[in-house]
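Shown here: input_36.csv, CSV, C-alpha atoms and all ligand atoms.
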chain,number,residue,atom,x,y,z
A,7,ALA,CA,212.6,-14.8,199.8
A,8,ARG,CA,214.1,-15.3,196.4
A,9,VAL,CA,217.8,-14.6,196.4
A,10,ASP,CA,219.3,-13.3,193.2
A,11,LYS,CA,222.8,-12.3,192.1
A,12,GLY,CA,222.1,-8.6,192.5
A,13,GLY,CA,224.0,-7.6,189.5
A,14,PHE,CA,227.1,-9.7,190.2
A,15,LYS,CA,228.5,-12.3,187.8
A,16,HIS,CA,228.3,-15.1,190.4
A,17,PHE,CA,226.7,-15.6,193.8
A,18,MET,CA,230.1,-16.0,195.3
A,19,ALA,CA,231.1,-12.5,194.2
A,20,LYS,CA,228.0,-11.1,195.7
A,21,GLU,CA,228.5,-13.1,198.9
A,22,ILE,CA,232.0,-11.8,199.2
A,23,ALA,CA,231.0,-8.2,198.5
A,24,GLU,CA,228.1,-8.2,201.0
A,25,GLN,CA,230.3,-9.1,203.9
A,26,PRO,CA,230.5,-5.6,205.3
A,27,THR,CA,226.7,-5.4,205.5
A,28,VAL,CA,226.2,-9.0,206.7
A,29,LEU,CA,228.9,-8.7,209.4
A,30,SER,CA,227.4,-5.5,210.6
A,31,GLY,CA,224.0,-7.3,211.1
A,32,ALA,CA,225.7,-10.3,212.6
A,33,LEU,CA,227.6,-8.1,215.1
A,34,SER,CA,224.5,-6.2,216.2
A,35,ALA,CA,222.8,-9.6,216.9
A,36,TYR,CA,225.4,-10.2,219.6
A,37,LEU,CA,226.1,-6.7,220.9
A,38,ASP,CA,224.1,-4.4,223.0
A,39,LYS,CA,225.2,-1.1,224.7
A,40,ASP,CA,226.8,-3.1,227.6
A,41,GLY,CA,228.8,-5.4,225.4
A,42,ILE,CA,228.4,-9.0,224.3
A,43,SER,CA,225.0,-10.5,224.8
A,44,LEU,CA,224.6,-14.2,224.4
A,45,PRO,CA,221.3,-16.2,224.6
A,46,ASP,CA,220.3,-17.2,228.1
A,47,PRO,CA,221.1,-19.6,229.6
A,48,GLY,CA,224.5,-19.3,228.1
A,49,LEU,CA,227.7,-21.0,229.1
A,50,ASP,CA,229.4,-21.2,232.5
A,51,PHE,CA,232.9,-20.5,231.1
A,52,ASP,CA,234.7,-20.6,234.4
A,53,LYS,CA,233.6,-24.2,234.8
A,54,VAL,CA,234.8,-25.3,231.4
A,55,GLU,CA,237.9,-27.5,231.6
A,56,ARG,CA,238.2,-28.4,228.0
A,57,LEU,CA,236.7,-27.4,224.7
A,58,VAL,CA,236.3,-29.9,221.9
A,59,MET,CA,235.5,-28.3,218.5
A,60,VAL,CA,234.4,-30.4,215.5
A,61,ALA,CA,233.5,-29.5,211.9
A,62,CYS,CA,234.2,-30.1,208.2
A,63,GLY,CA,235.6,-28.0,205.4
A,64,THR,CA,235.7,-24.3,205.9
A,65,ALA,CA,233.9,-24.6,209.2
A,66,PHE,CA,236.8,-26.7,210.4
A,67,TYR,CA,239.2,-23.8,209.6
A,68,ALA,CA,236.9,-21.5,211.6
A,69,CYS,CA,237.4,-23.9,214.5
A,70,LEU,CA,241.1,-24.0,214.0
A,71,THR,CA,241.2,-20.2,214.2
A,72,ALA,CA,239.1,-20.1,217.3
A,73,LYS,CA,241.5,-22.5,219.0
A,74,TYR,CA,244.1,-19.7,219.1
A,75,TRP,CA,241.5,-17.3,220.5
A,76,PHE,CA,240.1,-19.7,223.2
A,77,GLU,CA,243.6,-20.7,224.3
A,78,GLN,CA,245.3,-17.3,224.2
A,79,LEU,CA,242.5,-15.1,225.4
A,80,ALA,CA,240.6,-17.4,227.7
A,81,GLY,CA,243.2,-20.0,228.7
A,82,ILE,CA,240.9,-22.9,227.8
A,83,PRO,CA,242.5,-26.1,226.5
A,84,VAL,CA,241.1,-26.7,223.1
A,85,GLU,CA,241.0,-29.7,220.8
A,86,VAL,CA,239.9,-29.3,217.2
A,87,ASP,CA,239.0,-32.2,214.9
A,88,ILE,CA,237.6,-33.0,211.5
A,89,ALA,CA,234.2,-34.6,212.1
A,90,SER,CA,234.8,-37.7,209.9
A,91,GLU,CA,237.9,-38.5,212.0
A,92,PHE,CA,236.5,-37.6,215.4
A,93,ARG,CA,233.3,-39.7,215.0
A,94,TYR,CA,235.1,-43.0,214.4
A,95,ARG,CA,238.0,-42.6,216.8
A,96,GLU,CA,235.8,-42.8,220.0
A,97,PRO,CA,237.7,-40.1,221.7
A,98,PRO,CA,237.2,-39.9,225.5
A,99,ILE,CA,234.9,-37.1,226.5
A,100,THR,CA,235.6,-36.3,230.2
A,101,LYS,CA,233.6,-34.3,232.7
A,102,GLY,CA,234.1,-30.5,232.3
A,103,THR,CA,234.2,-30.9,228.5
A,104,VAL,CA,232.0,-28.6,226.3
A,105,ALA,CA,231.6,-29.9,222.7
A,106,LEU,CA,231.2,-27.2,220.1
A,107,PHE,CA,230.1,-28.0,216.5
A,108,VAL,CA,230.4,-25.5,213.6
A,109,SER,CA,228.3,-25.9,210.5
A,110,GLN,CA,226.9,-23.5,207.9
A,111,SER,CA,224.1,-25.9,206.9
A,112,GLY,CA,223.7,-27.6,210.2
A,113,GLU,CA,223.1,-30.8,208.2
A,114,THR,CA,226.5,-32.2,207.5
A,115,ALA,CA,226.3,-35.9,208.2
A,116,ASP,CA,229.7,-36.4,209.8
A,117,THR,CA,229.3,-33.3,212.0
A,118,LEU,CA,225.9,-34.4,213.1
A,119,ALA,CA,227.2,-37.9,213.9
A,120,ALA,CA,230.0,-36.4,216.0
A,121,LEU,CA,227.5,-34.3,217.9
A,122,ARG,CA,225.4,-37.4,218.6
A,123,TYR,CA,228.5,-39.2,219.9
A,124,CYS,CA,229.1,-36.4,222.4
A,125,ALA,CA,225.4,-36.0,223.4
A,126,GLU,CA,225.4,-38.1,226.5
A,127,LYS,CA,229.1,-37.5,227.4
A,128,ALA,CA,229.8,-33.8,227.2
A,129,ASP,CA,228.6,-31.2,229.8
A,130,LYS,CA,227.1,-29.2,227.1
A,131,ILE,CA,226.6,-29.4,223.3
A,132,VAL,CA,227.0,-26.0,221.6
A,133,SER,CA,226.6,-25.3,217.9
A,134,VAL,CA,227.4,-22.4,215.7
A,135,VAL,CA,225.1,-22.6,212.7
A,136,ASN,CA,223.7,-20.6,209.9
A,137,VAL,CA,220.4,-22.5,209.7
A,138,PRO,CA,218.7,-22.2,213.1
A,139,THR,CA,216.1,-24.9,212.2
A,140,SER,CA,218.8,-27.4,211.2
A,141,SER,CA,219.3,-30.8,212.8
A,142,ILE,CA,222.6,-29.7,214.4
A,143,ALA,CA,220.9,-26.7,215.9
A,144,ARG,CA,217.9,-28.7,217.2
A,145,GLU,CA,220.1,-31.3,218.8
A,146,SER,CA,222.3,-28.8,220.7
A,147,ASP,CA,221.8,-27.5,224.2
A,148,LEU,CA,222.8,-24.0,222.9
A,149,ALA,CA,222.6,-23.1,219.2
A,150,LEU,CA,224.2,-19.8,218.2
A,151,PRO,CA,223.1,-18.5,214.8
A,152,ILE,CA,225.8,-16.7,212.7
A,153,HIS,CA,223.3,-14.5,210.9
A,154,ALA,CA,225.1,-14.8,207.5
A,155,GLY,CA,221.8,-15.0,205.5
A,156,VAL,CA,221.3,-17.6,202.7
A,157,GLU,CA,224.6,-18.7,201.2
A,158,ILE,CA,224.3,-20.0,197.7
A,159,GLY,CA,227.9,-20.3,196.4
A,160,VAL,CA,229.2,-23.8,197.2
A,161,ALA,CA,232.4,-22.4,198.4
A,162,SER,CA,231.7,-20.8,201.8
A,163,THR,CA,232.6,-17.1,202.2
A,164,LYS,CA,230.4,-14.9,204.3
A,165,ALA,CA,229.4,-17.9,206.5
A,166,PHE,CA,233.1,-18.2,207.4
A,167,THR,CA,233.6,-14.6,208.5
A,168,CYS,CA,230.3,-14.8,210.5
A,169,GLN,CA,231.4,-18.1,212.1
A,170,LEU,CA,234.6,-16.3,213.1
A,171,ASN,CA,232.6,-13.5,214.5
A,172,VAL,CA,230.5,-15.7,216.8
A,173,LEU,CA,233.5,-17.7,217.9
A,174,LEU,CA,235.4,-14.6,218.8
A,175,MET,CA,232.5,-13.3,220.8
A,176,LEU,CA,232.5,-16.6,222.7
A,177,ALA,CA,236.2,-16.4,223.3
A,178,LEU,CA,236.0,-12.8,224.5
A,179,GLU,CA,233.2,-13.8,226.9
A,180,ALA,CA,235.1,-16.7,228.2
A,181,ALA,CA,238.2,-14.5,228.7
A,182,LYS,CA,236.1,-12.1,230.8
A,183,SER,CA,234.4,-14.7,232.9
A,184,ARG,CA,237.7,-16.5,233.6
A,185,GLY,CA,239.2,-13.2,234.8
A,186,ARG,CA,241.8,-13.0,232.0
A,187,MET,CA,240.3,-9.9,230.5
A,188,ASP,CA,238.5,-7.0,232.2
A,189,SER,CA,235.5,-5.1,230.9
A,190,ALA,CA,237.6,-2.3,229.7
A,191,GLU,CA,239.9,-4.5,227.7
A,192,GLN,CA,237.0,-6.4,226.2
A,193,ALA,CA,235.3,-3.1,225.3
A,194,GLU,CA,238.5,-2.1,223.5
A,195,VAL,CA,238.4,-5.2,221.3
A,196,LEU,CA,234.7,-4.7,220.7
A,197,GLU,CA,235.2,-1.2,219.6
A,198,THR,CA,237.5,-2.3,216.7
A,199,LEU,CA,235.2,-5.2,216.0
A,200,ARG,CA,232.3,-2.7,215.5
A,201,ALA,CA,234.6,-0.9,213.1
A,202,MET,CA,235.3,-4.1,211.1
A,203,PRO,CA,232.5,-3.7,208.5
A,204,GLY,CA,234.0,-0.3,207.5
A,205,ILE,CA,237.5,-1.9,207.4
A,206,PHE,CA,236.0,-4.7,205.2
A,207,ASN,CA,234.8,-1.9,202.8
A,208,VAL,CA,238.3,-0.4,202.6
A,209,ALA,CA,239.8,-3.8,201.9
A,210,LEU,CA,237.2,-4.6,199.2
A,211,GLN,CA,238.0,-1.3,197.5
A,212,ARG,CA,241.6,-2.6,197.1
A,213,GLY,CA,240.3,-5.5,195.0
A,214,ASP,CA,242.4,-4.5,191.9
A,215,ALA,CA,245.7,-5.6,193.5
A,216,ILE,CA,244.1,-8.9,194.4
A,217,ARG,CA,242.6,-9.4,190.9
A,218,LYS,CA,246.0,-8.7,189.4
A,219,ALA,CA,247.8,-11.3,191.6
A,220,ALA,CA,245.0,-13.8,191.0
A,221,ARG,CA,245.3,-13.5,187.2
A,222,GLN,CA,249.0,-14.5,187.6
A,223,ILE,CA,248.2,-17.2,190.1
A,224,ALA,CA,245.6,-18.6,187.6
A,225,GLU,CA,248.5,-19.7,185.4
A,226,ALA,CA,250.1,-21.9,188.0
A,227,ARG,CA,249.6,-25.6,188.4
A,228,ASP,CA,250.5,-25.6,192.1
A,229,VAL,CA,250.3,-22.9,194.7
A,230,LEU,CA,251.6,-22.9,198.3
A,231,PHE,CA,250.0,-20.9,201.1
A,232,LEU,CA,252.0,-20.0,204.3
A,233,GLY,CA,250.9,-18.5,207.6
A,234,ARG,CA,251.9,-18.6,211.2
A,235,GLY,CA,249.7,-18.4,214.3
A,236,LEU,CA,246.3,-17.0,213.5
A,237,MET,CA,247.3,-16.8,209.9
A,238,TYR,CA,247.9,-20.6,209.6
A,239,PRO,CA,244.2,-21.5,209.5
A,240,LEU,CA,243.7,-18.6,207.1
A,241,ALA,CA,246.4,-20.1,204.8
A,242,LEU,CA,244.5,-23.4,205.0
A,243,GLU,CA,241.3,-21.7,204.1
A,244,GLY,CA,242.9,-19.8,201.2
A,245,ALA,CA,244.3,-23.0,199.8
A,246,LEU,CA,240.9,-24.8,200.1
A,247,LYS,CA,239.1,-22.0,198.4
A,248,LEU,CA,241.6,-22.0,195.5
A,249,LYS,CA,241.3,-25.8,195.0
A,250,GLU,CA,237.5,-25.8,195.3
A,251,ILE,CA,236.7,-23.3,192.6
A,252,SER,CA,239.8,-22.9,190.3
A,253,TYR,CA,240.9,-26.6,190.4
A,254,ILE,CA,244.5,-25.4,191.0
A,255,HIS,CA,246.4,-27.6,193.3
A,256,ALA,CA,247.0,-25.7,196.5
A,257,GLU,CA,248.6,-26.7,199.8
A,258,ALA,CA,248.9,-24.7,203.0
A,259,TYR,CA,251.6,-25.1,205.6
A,260,ALA,CA,252.4,-23.4,208.8
A,261,SER,CA,255.4,-21.2,207.8
A,262,GLY,CA,257.7,-22.9,210.3
A,263,GLU,CA,257.1,-26.3,208.6
A,264,LEU,CA,258.4,-25.0,205.3
A,265,LYS,CA,261.9,-26.4,206.0
A,266,HIS,CA,260.4,-29.8,206.9
A,267,GLY,CA,259.3,-30.7,203.4
A,268,PRO,CA,257.5,-28.1,201.2
A,269,ILE,CA,260.7,-26.1,200.6
A,270,ALA,CA,261.7,-28.9,198.2
A,271,LEU,CA,258.8,-27.8,195.9
A,272,ILE,CA,259.9,-24.2,195.6
A,273,ASP,CA,260.9,-23.0,192.1
A,274,LYS,CA,259.7,-20.2,189.9
A,275,THR,CA,256.6,-22.0,188.7
A,276,VAL,CA,255.1,-22.4,192.2
A,277,PRO,CA,253.7,-19.1,193.6
A,278,VAL,CA,253.8,-18.9,197.4
A,279,VAL,CA,251.0,-16.9,199.0
A,280,VAL,CA,252.2,-15.6,202.4
A,281,MET,CA,249.6,-14.2,204.8
A,282,ALA,CA,251.4,-12.1,207.3
A,283,PRO,CA,250.2,-8.9,208.9
A,284,ARG,CA,252.9,-7.1,210.8
A,285,ASP,CA,252.2,-8.9,214.0
A,286,SER,CA,254.3,-10.5,216.8
A,287,LEU,CA,255.3,-13.3,214.4
A,288,PHE,CA,256.0,-11.2,211.4
A,289,ASP,CA,259.8,-11.3,211.5
A,290,LYS,CA,259.8,-15.1,211.6
A,291,THR,CA,257.5,-15.2,208.6
A,292,VAL,CA,259.8,-12.8,206.7
A,293,SER,CA,262.7,-15.1,207.2
A,294,ASN,CA,260.6,-17.9,205.7
A,295,MET,CA,259.8,-15.7,202.8
A,296,GLN,CA,263.4,-15.0,202.2
A,297,GLU,CA,264.1,-18.7,202.1
A,298,VAL,CA,261.5,-19.0,199.4
A,299,MET,CA,262.8,-16.1,197.4
A,300,ALA,CA,266.4,-17.3,197.7
A,301,ARG,CA,265.3,-20.4,195.8
A,302,GLY,CA,263.7,-18.5,193.0
A,303,GLY,CA,260.2,-18.7,194.5
A,304,LYS,CA,257.6,-16.0,193.7
A,305,VAL,CA,256.0,-14.6,196.8
A,306,CYS,CA,252.6,-13.0,196.9
A,307,LEU,CA,252.5,-11.3,200.2
A,308,ILE,CA,249.2,-10.3,201.9
A,309,THR,CA,250.0,-7.9,204.6
A,310,ASP,CA,249.5,-4.3,205.9
A,311,ALA,CA,251.4,-1.2,205.1
A,312,ALA,CA,254.1,-1.7,207.8
A,313,GLY,CA,254.5,-5.3,206.6
A,314,ALA,CA,254.9,-4.3,203.0
A,315,ASP,CA,257.6,-1.8,204.0
A,316,ALA,CA,259.5,-4.3,206.1
A,317,ALA,CA,259.3,-7.1,203.5
A,318,GLY,CA,261.6,-5.5,201.0
A,319,ALA,CA,261.6,-5.1,197.2
A,320,ASP,CA,262.0,-8.7,196.1
A,321,VAL,CA,258.4,-9.6,196.7
A,322,TRP,CA,256.6,-10.6,193.5
A,323,GLN,CA,253.1,-9.3,194.3
A,324,THR,CA,251.9,-7.4,197.4
A,325,ILE,CA,248.4,-7.0,198.6
A,326,ILE,CA,248.1,-4.3,201.3
A,327,LEU,CA,245.2,-4.5,203.8
A,328,PRO,CA,244.2,-1.9,206.5
A,329,ASP,CA,245.8,-2.3,209.9
A,330,VAL,CA,243.8,-4.2,212.5
A,331,PRO,CA,244.7,-5.5,216.0
A,332,GLU,CA,246.3,-8.9,215.7
A,333,VAL,CA,243.4,-10.7,217.4
A,334,LEU,CA,241.0,-9.5,214.6
A,335,SER,CA,243.2,-10.2,211.7
A,336,PRO,CA,241.6,-13.5,210.7
A,337,LEU,CA,238.3,-11.8,209.9
A,338,LEU,CA,240.0,-9.3,207.6
A,339,TYR,CA,242.4,-11.7,205.9
A,340,ALA,CA,239.5,-14.0,205.0
A,341,LEU,CA,238.6,-11.5,202.3
A,342,PRO,CA,241.8,-11.7,200.2
A,343,ALA,CA,241.8,-15.5,200.6
A,344,GLN,CA,238.3,-15.6,199.1
A,345,LEU,CA,239.0,-13.0,196.4
A,346,LEU,CA,242.2,-14.6,195.2
A,347,ALA,CA,240.4,-17.8,194.6
A,348,TYR,CA,237.4,-16.1,193.1
A,349,HIS,CA,239.4,-14.1,190.5
A,350,ALA,CA,241.7,-17.0,189.7
A,351,ALA,CA,238.6,-19.2,189.0
A,352,ASP,CA,236.9,-16.4,187.1
A,353,ALA,CA,240.1,-16.0,184.9
A,354,LYS,CA,240.0,-19.7,184.2
A,355,GLY,CA,236.3,-19.6,183.5
A,356,THR,CA,235.3,-22.4,185.8
A,357,ASP,CA,231.8,-22.8,187.2
A,358,VAL,CA,232.4,-20.7,190.4
A,359,ASP,CA,229.1,-21.3,192.1
A,360,GLN,CA,228.8,-25.0,191.3
A,361,PRO,CA,232.3,-26.4,191.2
A,362,ARG,CA,232.5,-29.9,189.8
A,363,ASN,CA,232.1,-32.8,192.2
A,364,LEU,CA,231.3,-30.6,195.2
A,365,ALA,CA,228.0,-30.1,197.1
A,366,LYS,CA,226.9,-27.2,199.3
A,367,SER,CA,225.9,-29.6,202.0
A,368,VAL,CA,227.1,-33.1,202.4
A,369,THR,CA,224.3,-35.0,204.1
A,370,VAL,CA,225.5,-38.5,203.2
A,371,GLU,CA,228.7,-40.1,204.4
A,401,LIG,C1,230.8,-28.9,202.0
A,401,LIG,C2,230.9,-27.5,201.4
A,401,LIG,C3,231.9,-26.6,202.1
A,401,LIG,C4,231.6,-26.6,203.6
A,401,LIG,C5,231.5,-28.1,204.2
A,401,LIG,C6,231.0,-28.1,205.6
A,401,LIG,O1,232.0,-29.6,201.7
A,401,LIG,O2,231.2,-27.6,200.0
A,401,LIG,O3,231.9,-25.3,201.6
A,401,LIG,O4,232.6,-25.9,204.3
A,401,LIG,O5,230.6,-28.9,203.4
A,401,LIG,O6,229.6,-27.7,205.6
A,401,LIG,P1,228.8,-27.1,206.8
A,401,LIG,O7,227.4,-26.9,206.3
A,401,LIG,O8,228.8,-28.2,207.8
A,401,LIG,O9,229.5,-25.9,207.3
Mind turning this structure into structure tokens?
Amino acid sequence: ARVDKGGFKHFMAKEIAEQPTVLSGALSAYLDKDGISLPDPGLDFDKVERLVMVACGTAFYACLTAKYWFEQLAGIPVEVDIASEFRYREPPITKGTVALFVSQSGETADTLAALRYCAEKADKIVSVVNVPTSSIARESDLALPIHAGVEIGVASTKAFTCQLNVLLMLALEAAKSRGRMDSAEQAEVLETLRAMPGIFNVALQRGDAIRKAARQIAEARDVLFLGRGLMYPLALEGALKLKEISYIHAEAYASGELKHGPIALIDKTVPVVVMAPRDSLFDKTVSNMQEVMARGGKVCLITDAAGADAAGADVWQTIILPDVPEVLSPLLYALPAQLLAYHAADAKGTDVDQPRNLAKSVTVE
């Protein structure tokens, strides 16, 4: 079917806006009345000793997010690597290892090569893809489609949230089969997950605050993104999005690393985007924020209502999102990361859907 912009100025804007609908479809593909339903034969999670996750670009940040989920919820040791590094390093793949590849296109050359390297060594090859007929899907023992629909914008948006969705389902199933979460606890998380499309809508309706912050950020030459825990990969994704489409230099750091280098860059010309819902790590992030503000840095805080209250009045721009349980925050915080980049690029008038030098799918080395 022909895909058009549906009244939006860019495919990227449309793909960001359709995430409530797309996520809702993606959710129902993996949920039935009894809970999570994965294709059969699925994975024997209690036998998994180690999970190795490999991808490129935005898909790599989905893997980095999932590492926190698999470790914290399911207690599975996880390694995450960039495909172009992994494939040449000849990493040992021991018995009990499941290798998981995440790719929107399913055709990224480095990711496919990494998969082939693992093919005879890992217990199982699993992939999380948007194109079920792709090479990566075909060469996997188990291919899990993300159901994001066709993504045209070169900068990945809805595919990222749908990758997170499938990875979270896997982590929740793993947690249950390893006895770290019972059915009732899983059902509780799933209930909020089911409500996520509605929460996405609420967040998207608050787009004005994001557009306002983005217009200011568009003036900057360098931008820093900070986050802790589950928000660290989101900070990386926010910085990547901004670089890709607005051509503004952006770096992301784990908040705790601020003092080990990037704090030297802080002055009033470098906006610092802090992604921090009021979670278990919030107080630590606030003290990092204060370090930034004490040096004249301008903080754009992306948080929830409780976080905004606690952060104080010195924050330069605040973007307030609905409250969600900590474990689900990466899905929601993907939206402002995407919208900040989109509106900054739009303000600069760059070619949002076809940024210079980038390709949607990199099938050569
Ligand atoms: C290219 C795209 C990115 C994408 C990456 C990985 O660099 O521009 O948006 O994240 O490839 O692509 P994949 O199809 O493997 O997810």
Worksheet, complete the sentence: Counting all atoms listed in the file, closest pick from A:Arg362, A:Lys290, A:Lys73, A:His266 relative to ligand LIG 401 (chain A) is A:Arg362
Need the shell around Gly112 of chain A: protein/DNA/RNA residues with any atom at most 6 Å away, counting all atoms listed in the file. Skip same-chain ones fewer than 5 positions apart. Format as a PDB file with C-alpha atoms, keeping the file's coordinate frame?
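What ended up in part34.pdb:
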ATOM      1  CA  VAL A 135     225.100 -22.600 212.700  1.00  0.00           C
ATOM      2  CA  SER A 140     218.800 -27.400 211.200  1.00  0.00           C
ATOM      3  CA  ILE A 142     222.600 -29.700 214.400  1.00  0.00           C
TER       4      ILE A 142
END
Find the residues of chain A that sit at most 7 Å from ligand LIG 401 (chain A); for each, write down the nearest two atoms and how far apart they are in Å, to one decimal. Count all atoms listed in the file. Sort by chain, then by number going up, and give it as CSV.
residue,atom,partner,partner_atom,distance
A:Ala61,CA,A:LIG401,O8,6.4
A:Cys62,CA,A:LIG401,C6,4.6
A:Gly63,CA,A:LIG401,O4,3.8
A:Thr64,CA,A:LIG401,O4,3.8
A:Ala65,CA,A:LIG401,O9,5.0
A:Val108,CA,A:LIG401,O9,6.4
A:Ser109,CA,A:LIG401,O9,3.4
A:Gln110,CA,A:LIG401,O9,3.6
A:Ser111,CA,A:LIG401,O7,3.5
A:Gly112,CA,A:LIG401,O7,5.4
A:Glu113,CA,A:LIG401,O7,6.1
A:Thr114,CA,A:LIG401,O8,4.6
A:Thr117,CA,A:LIG401,O8,6.6
A:Val160,CA,A:LIG401,O2,5.1
A:Ala161,CA,A:LIG401,O3,4.3
A:Ser162,CA,A:LIG401,O3,4.5
A:Leu364,CA,A:LIG401,O2,5.7
A:Ala365,CA,A:LIG401,O2,5.0
A:Lys366,CA,A:LIG401,O2,4.4
A:Ser367,CA,A:LIG401,C1,4.9
A:Val368,CA,A:LIG401,O5,5.6
Taking (243.1, -14.0, 192.7) in the file's coordinates, which residues come within 9 Å, counting only C-alpha atoms, written as a JSON list (two decimals) with C-alpha atoms, keeping the file's coordinate frame?
[["chain", "number", "residue", "atom", "x", "y", "z"],
["A", 215, "ALA", "CA", 245.70, -5.60, 193.50],
["A", 216, "ILE", "CA", 244.10, -8.90, 194.40],
["A", 217, "ARG", "CA", 242.60, -9.40, 190.90],
["A", 218, "LYS", "CA", 246.00, -8.70, 189.40],
["A", 219, "ALA", "CA", 247.80, -11.30, 191.60],
["A", 220, "ALA", "CA", 245.00, -13.80, 191.00],
["A", 221, "ARG", "CA", 245.30, -13.50, 187.20],
["A", 222, "GLN", "CA", 249.00, -14.50, 187.60],
["A", 223, "ILE", "CA", 248.20, -17.20, 190.10],
["A", 224, "ALA", "CA", 245.60, -18.60, 187.60],
["A", 248, "LEU", "CA", 241.60, -22.00, 195.50],
["A", 342, "PRO", "CA", 241.80, -11.70, 200.20],
["A", 343, "ALA", "CA", 241.80, -15.50, 200.60],
["A", 344, "GLN", "CA", 238.30, -15.60, 199.10],
["A", 345, "LEU", "CA", 239.00, -13.00, 196.40],
["A", 346, "LEU", "CA", 242.20, -14.60, 195.20],
["A", 347, "ALA", "CA", 240.40, -17.80, 194.60],
["A", 348, "TYR", "CA", 237.40, -16.10, 193.10],
["A", 349, "HIS", "CA", 239.40, -14.10, 190.50],
["A", 350, "ALA", "CA", 241.70, -17.00, 189.70],
["A", 351, "ALA", "CA", 238.60, -19.20, 189.00],
["A", 352, "ASP", "CA", 236.90, -16.40, 187.10],
["A", 353, "ALA", "CA", 240.10, -16.00, 184.90]]
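Residue nearest Lys274 of chain A within the list A:Leu170, A:Val305, A:Leu176, A:Val104: A:Val305 [criterion: smallest interatomic distance, all atoms listed in the file].
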Worksheet entry | Residue nearest Glu55 of chain A - candidates A:Pro83, A:Gly303, A:Gly267, A:Gly31, atoms counted: only C-alpha atoms |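 So, comparing all the options, the nearest one is A:Pro83.
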Practice prompt. Please provide the set of residues having any atom within 10 Å of Leu37 of chain A, restricted to only C-alpha atoms, with same-chain residues fewer than 4 positions apart removed, written as a PyMOL selection string.
Written response: chain A and resi 32-33+41-44+175+196+200
Worksheet item: Of the candidates A:Ala181, A:Leu337, A:Val86, A:Ile251, which one gets nearest to Leu29 of chain A if we count only C-alpha atoms?
Response: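 Smallest distance to Leu29 of chain A is found for A:Leu337.
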